[in-house]
Every structure is written in structure tokens, then in C-alpha cells.
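Below is one structure, written out as C-alpha cells; the observations come after it.
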Amino acid sequence: MVTIRWSFVKLLTSTLLLCFFVTTFLLFSWLAKKHVSGEANEVYDQIGQSFTNNPKEWKHKLAVLVPFRDRFEELMEFVPHIHSFLNNASIEHHIYIINQADKLRFNRAALINVGYKLSVLDCDYLVMHDVDLLPLNPLLDYGYPEGYVFHVAAPNLHPLYHYKTFVGGILILTHQDYSRLNGLSNRYWGWGREDDEFYVRMKEADIIVKRPDIEKVKTGNKTFRHVHDRVKRPRDNKRYGDQKKSGGHRDRITGLQSVDYTLTERYDITIHKAPATVYNIELACDRSDTPWCENPY
Ligand code: UDP
Ligand code: MN
């Protein structure tokens, strides 16, 4: 009888000890897990990026940079269109309308440089996107371009520009590559050629430019809608003084680092429920370098 009772006490003690160890183990692993996700949240707060369910994996975010002046009808159509296009492709994004609010000639390149600066803390890749070019084929890829630059508006798909080295219209690159290239030249006031100079920048830096696979994207010149009436929206393609000469040269001086501007206003808008932010930008012009930033007449 005594032996049986003694064995029972031993069994009870071992069971209690086992329970104690298991509970302690579970408690410690729960605390450790909590600590890791706490660290993850800290990173989230500091650089404003977000995690997927797996805290080790970054989720990419695209900055849609729209160089803009006085194209409100096109904007009304562009913002809802690109927002639902990107949502359908599960691309996290924000739309930046970089509105040139000074009296100088339009400078698409400088506005995109400003767009980089406005978006770099919130996004890790960007698309420079003309407001009047609407992607129609859902197979066009706006994903993160890992190790290359992606030219969406390829010469064999763009409704107007077909030369081999064309990189205008819609071009996607990481903020890291954009900064490595020192962005776009600020010397191009008026219409054109800043994208051709950027092509040379990329070539010199050995950057690979990829384009949509035409085996998959089979919509040809119906891949985009170019909302551009040439009478209503005439291109400012005049060349003053040395502008023509300057435009044909690779610019090794100006770019992302030297863009000079003032942000005068920032406001959020929604167009048919699609959100975007408008930034009013006054560009500064170094008249000794580019006197053609103003129309002389
Ligand atoms: N743009 C603008 N206002 C202007 C000129 C140009 O907003 O007065 C912007 C707009 O995003 C446009 C892009 O710059 O889509 C390229 O200009 P444009 O359409 O005139 O050039 P294209 O590619 O048609 O030759
Ligand atoms: Mn156009």
C-alpha cells in the first residue's frame, strides 16, 4: 500500500514538472516571436515601407510620376485608369502629379527629378508616365524591375514613336538605378530629346533595358491609347540660341543632384475614387547655362 502511494506521488511530481517545463518553453517562444515582429514594425515606421505576411520579405511600392502642366482633361482620365490598371495587377502604388507652376518653358525631365525626391521615402521604384498614354493591355508588366530598366511604351507598341533607342512615354526603374544615373538632365526646356539623352546615360552605365515580350503582348499599336490632339496640345519644339547644339550632347553635369526647385503647394485629390497627390513646383533656371528656359519673344 505504501509502495503504491509512493509511486503515485512520484508520477504526480513528474507530471507537474513536465507541465511546468512545457509552459515555460511555450511562454519563451511566444515572447521571442513578439520581439521579432516588434523589430519589424520599427523598420516599417522608420522608412515607411511595408512588409508582407513574412516579415523578412519587402513588399515593393511604385511611384507613378506624372510630369504635368495644363492637361486636366487627360488627367481626369489618366488617374482612374492607371489606378484600376495597377490595382488589377496587385501593384501597390501612389500617383504623384508633378505640376510645373512657374512661368518657364515646360521641363519634363526636371519635374521627374523632383518626383524622385518626393517619392523616395515612400516608394522603392518609379515609373515616369506621360499623362496622355493609357496602357490598355493588362499583360503589360508594371512590376519591380530587378536588375534592369523596363520600357513599357516600347517602340514597336507606341502609337507614334518607333525608333529603336526610344525610351520615352512610360519607363520603369528602381529608385536605386535612377539615383545611380543622376536622374535626367535639367537642360531640356520645351519639348523633346531629354529621353534620348537618358538612353545614353543608361547605355554608358551598362544598364539593361527590357521591353514587353511581343509573343505575349500581341496588341501592336492598340496596346496604348495616346490621348493627344496635336492642334489643341501643340508641342513646344522651338529651339533658341544654343539649345539645339546642347540638346544633342550627353550632359555630364546636371541631373537629379542639381535640380533646383521650390515646392509651393501639396494637396491630395481623388478622381472617380482614385487617389493622387498634386505637387505645385516652381523650377529655377540657371540663365547663364540654359537661357532657352524662357521664350525670348
Ligand atoms: N506635358 C504636360 N504639359 C505640357 C507638355 C507636356 O503635362 O504642356 C507632359 C504630359 O505628361 C505629356 C508628357 O509631358 O504626356 C509628354 O509630352 P507630349 O505629350 O507633348 O509629348 P509626346 O510624347 O506626345 O510627343
Ligand atoms: Mn503626347
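Order determines the names: the first chain of the C-alpha cells is A, the second B, and so forth; residues in each chain are numbered 1 upward, and ligands are numbered 1 upward as they are shown.
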Find the spatial neighbours of Lys216 (chain A), counting only C-alpha atoms, within a cut-off of 12 Å - ignore same-chain residues fewer than 5 positions away - and output them as a PyMOL selection string. chain A and resi 137-141+211+223
Applying 12 Å and only C-alpha atoms, which residues near region 199-203 of chain A remain after dropping the ones on its own chain fewer than 6 positions away? List them as a PyMOL selection string. chain A and resi 148-151+164-168+171+173+177-185+193+209-210+248-255
Output as a list in words all residues of region 156-232 of chain A that backbone DSSP marks as alpha helix (DSSP H). His175, Gln176, Asp177, Tyr178, Ser179, Arg180, Glu194, Asp195, Asp196, Glu197, Phe198, Tyr199, Val200, Arg201, Met202, Lys203 and Glu204 of chain A
What are the nearest atom pairs, with distances in Å to one decimal, for all residues of chain A that come at most 10 Å from ligand 1, using only C-alpha atoms and all ligand atoms, set out by chain and rising residue number as CSV?
residue,atom,partner,partner_atom_place_in_ligand_line,distance
A:Leu65,CA,ligand 1,11 (O),9.2
A:Val66,CA,ligand 1,11 (O),5.7
A:Pro67,CA,ligand 1,11 (O),4.8
A:Phe68,CA,ligand 1,7 (O),3.3
A:Arg69,CA,ligand 1,3 (N),3.9
A:Asp70,CA,ligand 1,3 (N),5.6
A:Arg71,CA,ligand 1,7 (O),5.4
A:Phe72,CA,ligand 1,7 (O),8.6
A:Glu74,CA,ligand 1,15 (O),8.5
A:Leu75,CA,ligand 1,11 (O),8.7
A:Phe78,CA,ligand 1,11 (O),9.9
A:Ile97,CA,ligand 1,11 (O),9.1
A:Ile98,CA,ligand 1,7 (O),8.8
A:Asn99,CA,ligand 1,7 (O),7.6
A:Gln100,CA,ligand 1,7 (O),8.3
A:Arg105,CA,ligand 1,8 (O),8.5
A:Phe106,CA,ligand 1,8 (O),6.1
A:Asn107,CA,ligand 1,6 (C),8.1
A:Arg108,CA,ligand 1,14 (O),5.8
A:Ala109,CA,ligand 1,14 (O),9.1
A:Leu111,CA,ligand 1,14 (O),9.6
A:Met128,CA,ligand 1,11 (O),9.0
A:His129,CA,ligand 1,11 (O),6.7
A:Asp130,CA,ligand 1,15 (O),3.6
A:Val131,CA,ligand 1,11 (O),3.9
A:Asp132,CA,ligand 1,15 (O),4.5
A:Leu133,CA,ligand 1,15 (O),6.5
A:Leu134,CA,ligand 1,15 (O),9.9
A:His158,CA,ligand 1,23 (O),9.6
A:Pro159,CA,ligand 1,24 (O),9.7
A:Leu160,CA,ligand 1,24 (O),7.9
A:Tyr161,CA,ligand 1,23 (O),8.2
A:Gly168,CA,ligand 1,23 (O),7.1
A:Gly169,CA,ligand 1,23 (O),5.9
A:Ile170,CA,ligand 1,15 (O),9.6
A:Gly190,CA,ligand 1,5 (C),7.9
A:Trp191,CA,ligand 1,20 (O),6.7
A:Gly192,CA,ligand 1,25 (O),7.0
A:Arg193,CA,ligand 1,25 (O),9.8
A:His226,CA,ligand 1,24 (O),7.6
A:Val227,CA,ligand 1,19 (O),8.3
A:His228,CA,ligand 1,24 (O),6.4
A:Asp229,CA,ligand 1,24 (O),9.0
A:Arg230,CA,ligand 1,24 (O),8.2
A:Arg233,CA,ligand 1,20 (O),6.8
A:Pro234,CA,ligand 1,20 (O),7.1
A:Arg235,CA,ligand 1,20 (O),5.2
A:Asp236,CA,ligand 1,5 (C),7.8
A:Asn237,CA,ligand 1,20 (O),9.4
Can I get the selection written as an mmCIF file, in the first residue's frame, with C-alpha atoms?
data_model
loop_
_atom_site.group_PDB
_atom_site.id
_atom_site.type_symbol
_atom_site.label_atom_id
_atom_site.label_comp_id
_atom_site.auth_asym_id
_atom_site.auth_seq_id
_atom_site.Cartn_x
_atom_site.Cartn_y
_atom_site.Cartn_z
ATOM 1 C CA LEU A 65 5.480 60.149 -61.544
ATOM 2 C CA VAL A 66 3.424 62.284 -63.913
ATOM 3 C CA PRO A 67 5.155 65.396 -65.302
ATOM 4 C CA PHE A 68 2.283 67.800 -65.723
ATOM 5 C CA ARG A 69 1.080 71.220 -66.875
ATOM 6 C CA ASP A 70 -2.343 72.226 -68.094
ATOM 7 C CA ARG A 71 -3.643 68.828 -69.242
ATOM 8 C CA PHE A 72 -6.647 68.496 -66.968
ATOM 9 C CA GLU A 74 -6.164 63.972 -69.829
ATOM 10 C CA LEU A 75 -5.575 63.844 -66.058
ATOM 11 C CA PHE A 78 -5.456 59.031 -66.536
ATOM 12 C CA ILE A 97 1.218 64.759 -60.203
ATOM 13 C CA ILE A 98 4.276 66.977 -60.554
ATOM 14 C CA ASN A 99 2.679 70.208 -61.710
ATOM 15 C CA GLN A 100 5.020 72.837 -63.154
ATOM 16 C CA ARG A 105 9.012 76.588 -70.571
ATOM 17 C CA PHE A 106 7.921 73.060 -69.681
ATOM 18 C CA ASN A 107 10.700 70.820 -68.372
ATOM 19 C CA ARG A 108 9.562 67.204 -68.196
ATOM 20 C CA ALA A 109 12.960 65.903 -67.094
ATOM 21 C CA LEU A 111 9.897 67.519 -62.970
ATOM 22 C CA MET A 128 7.888 58.118 -65.387
ATOM 23 C CA HIS A 129 4.485 58.223 -67.026
ATOM 24 C CA ASP A 130 3.118 60.577 -69.674
ATOM 25 C CA VAL A 131 -0.372 61.694 -68.660
ATOM 26 C CA ASP A 132 -1.741 61.090 -72.139
ATOM 27 C CA LEU A 133 -0.604 57.494 -72.626
ATOM 28 C CA LEU A 134 -3.044 54.903 -71.291
ATOM 29 C CA HIS A 158 3.915 53.069 -79.005
ATOM 30 C CA PRO A 159 1.361 54.630 -81.370
ATOM 31 C CA LEU A 160 3.791 57.333 -82.566
ATOM 32 C CA TYR A 161 7.489 56.667 -81.848
ATOM 33 C CA GLY A 168 10.106 57.808 -73.606
ATOM 34 C CA GLY A 169 6.444 57.691 -72.651
ATOM 35 C CA ILE A 170 6.464 55.073 -69.873
ATOM 36 C CA GLY A 190 10.419 72.819 -74.193
ATOM 37 C CA TRP A 191 9.566 69.578 -75.947
ATOM 38 C CA GLY A 192 11.746 66.558 -76.629
ATOM 39 C CA ARG A 193 15.116 64.766 -76.537
ATOM 40 C CA HIS A 226 -2.491 58.235 -76.850
ATOM 41 C CA VAL A 227 -4.928 60.986 -75.896
ATOM 42 C CA HIS A 228 -3.185 63.763 -77.790
ATOM 43 C CA ASP A 229 -4.792 66.252 -80.136
ATOM 44 C CA ARG A 230 -1.864 67.947 -81.890
ATOM 45 C CA ARG A 233 -1.881 70.418 -77.448
ATOM 46 C CA PRO A 234 0.852 71.775 -79.723
ATOM 47 C CA ARG A 235 4.388 70.669 -78.877
ATOM 48 C CA ASP A 236 6.812 73.413 -77.902
ATOM 49 C CA ASN A 237 9.584 72.254 -80.214
#
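The closest residue to ligand 2, picked from A:His93, A:Arg187, A:Arg5, A:Lys232 and counting only C-alpha atoms and all ligand atoms, is A:Lys232.
Considering the residues A:Leu263, A:Ile271, A:Ile214, A:Val231 and counting only C-alpha atoms and all ligand atoms, ligand 2 has its shortest atom-to-atom contact with A:Val231.
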Extract the full set of strand (DSSP E) residues from region 20-254 of chain A according to DSSP on the backbone, and format it as a ChimeraX atom specification. /A:50-51,58-59,62-68,93-100,125-129,133-135,149-151,170-174,209-210,224-226
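We find CA of Ile281 (chain A) and CA of Asp124 (chain A) to be spaced 22.1 Å apart.
Here the question is which of A:Ile112, A:Leu118, A:Leu86, A:Val217 gets nearest to Ala274 (chain A) using only C-alpha atoms, and that residue is A:Leu86.
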Neighbouring residues of Ile91 (chain A) were defined as those with any atom within 10 Å, considering only C-alpha atoms; residues of the same chain fewer than 3 positions away were excluded. Please report them as a VMD selection string. chain A and resid 59 to 62 83 to 88 94 141 to 144
Near Arg239 (chain A), within 10 Å and counting only C-alpha atoms, which residues show up once chain neighbours fewer than 6 positions away are dropped, as a list in words? Trp189, Gly190, Trp191, Lys245, Gly247, Trp292 and Asn295 of chain A
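For the choices A:Asn113, A:Thr270, A:Met76, A:Leu136, the atom-to-atom distance to Thr219 (chain A) is smallest for A:Leu136 when using only C-alpha atoms.
Pairwise distance (CA of Ile95 (chain A), CA of Ala63 (chain A)) equals 6.2 Å.
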Have a look at A:Ile207, A:Pro296, A:Thr277, A:Arg225 and name the one nearest to His81 (chain A); count only C-alpha atoms. A:Arg225
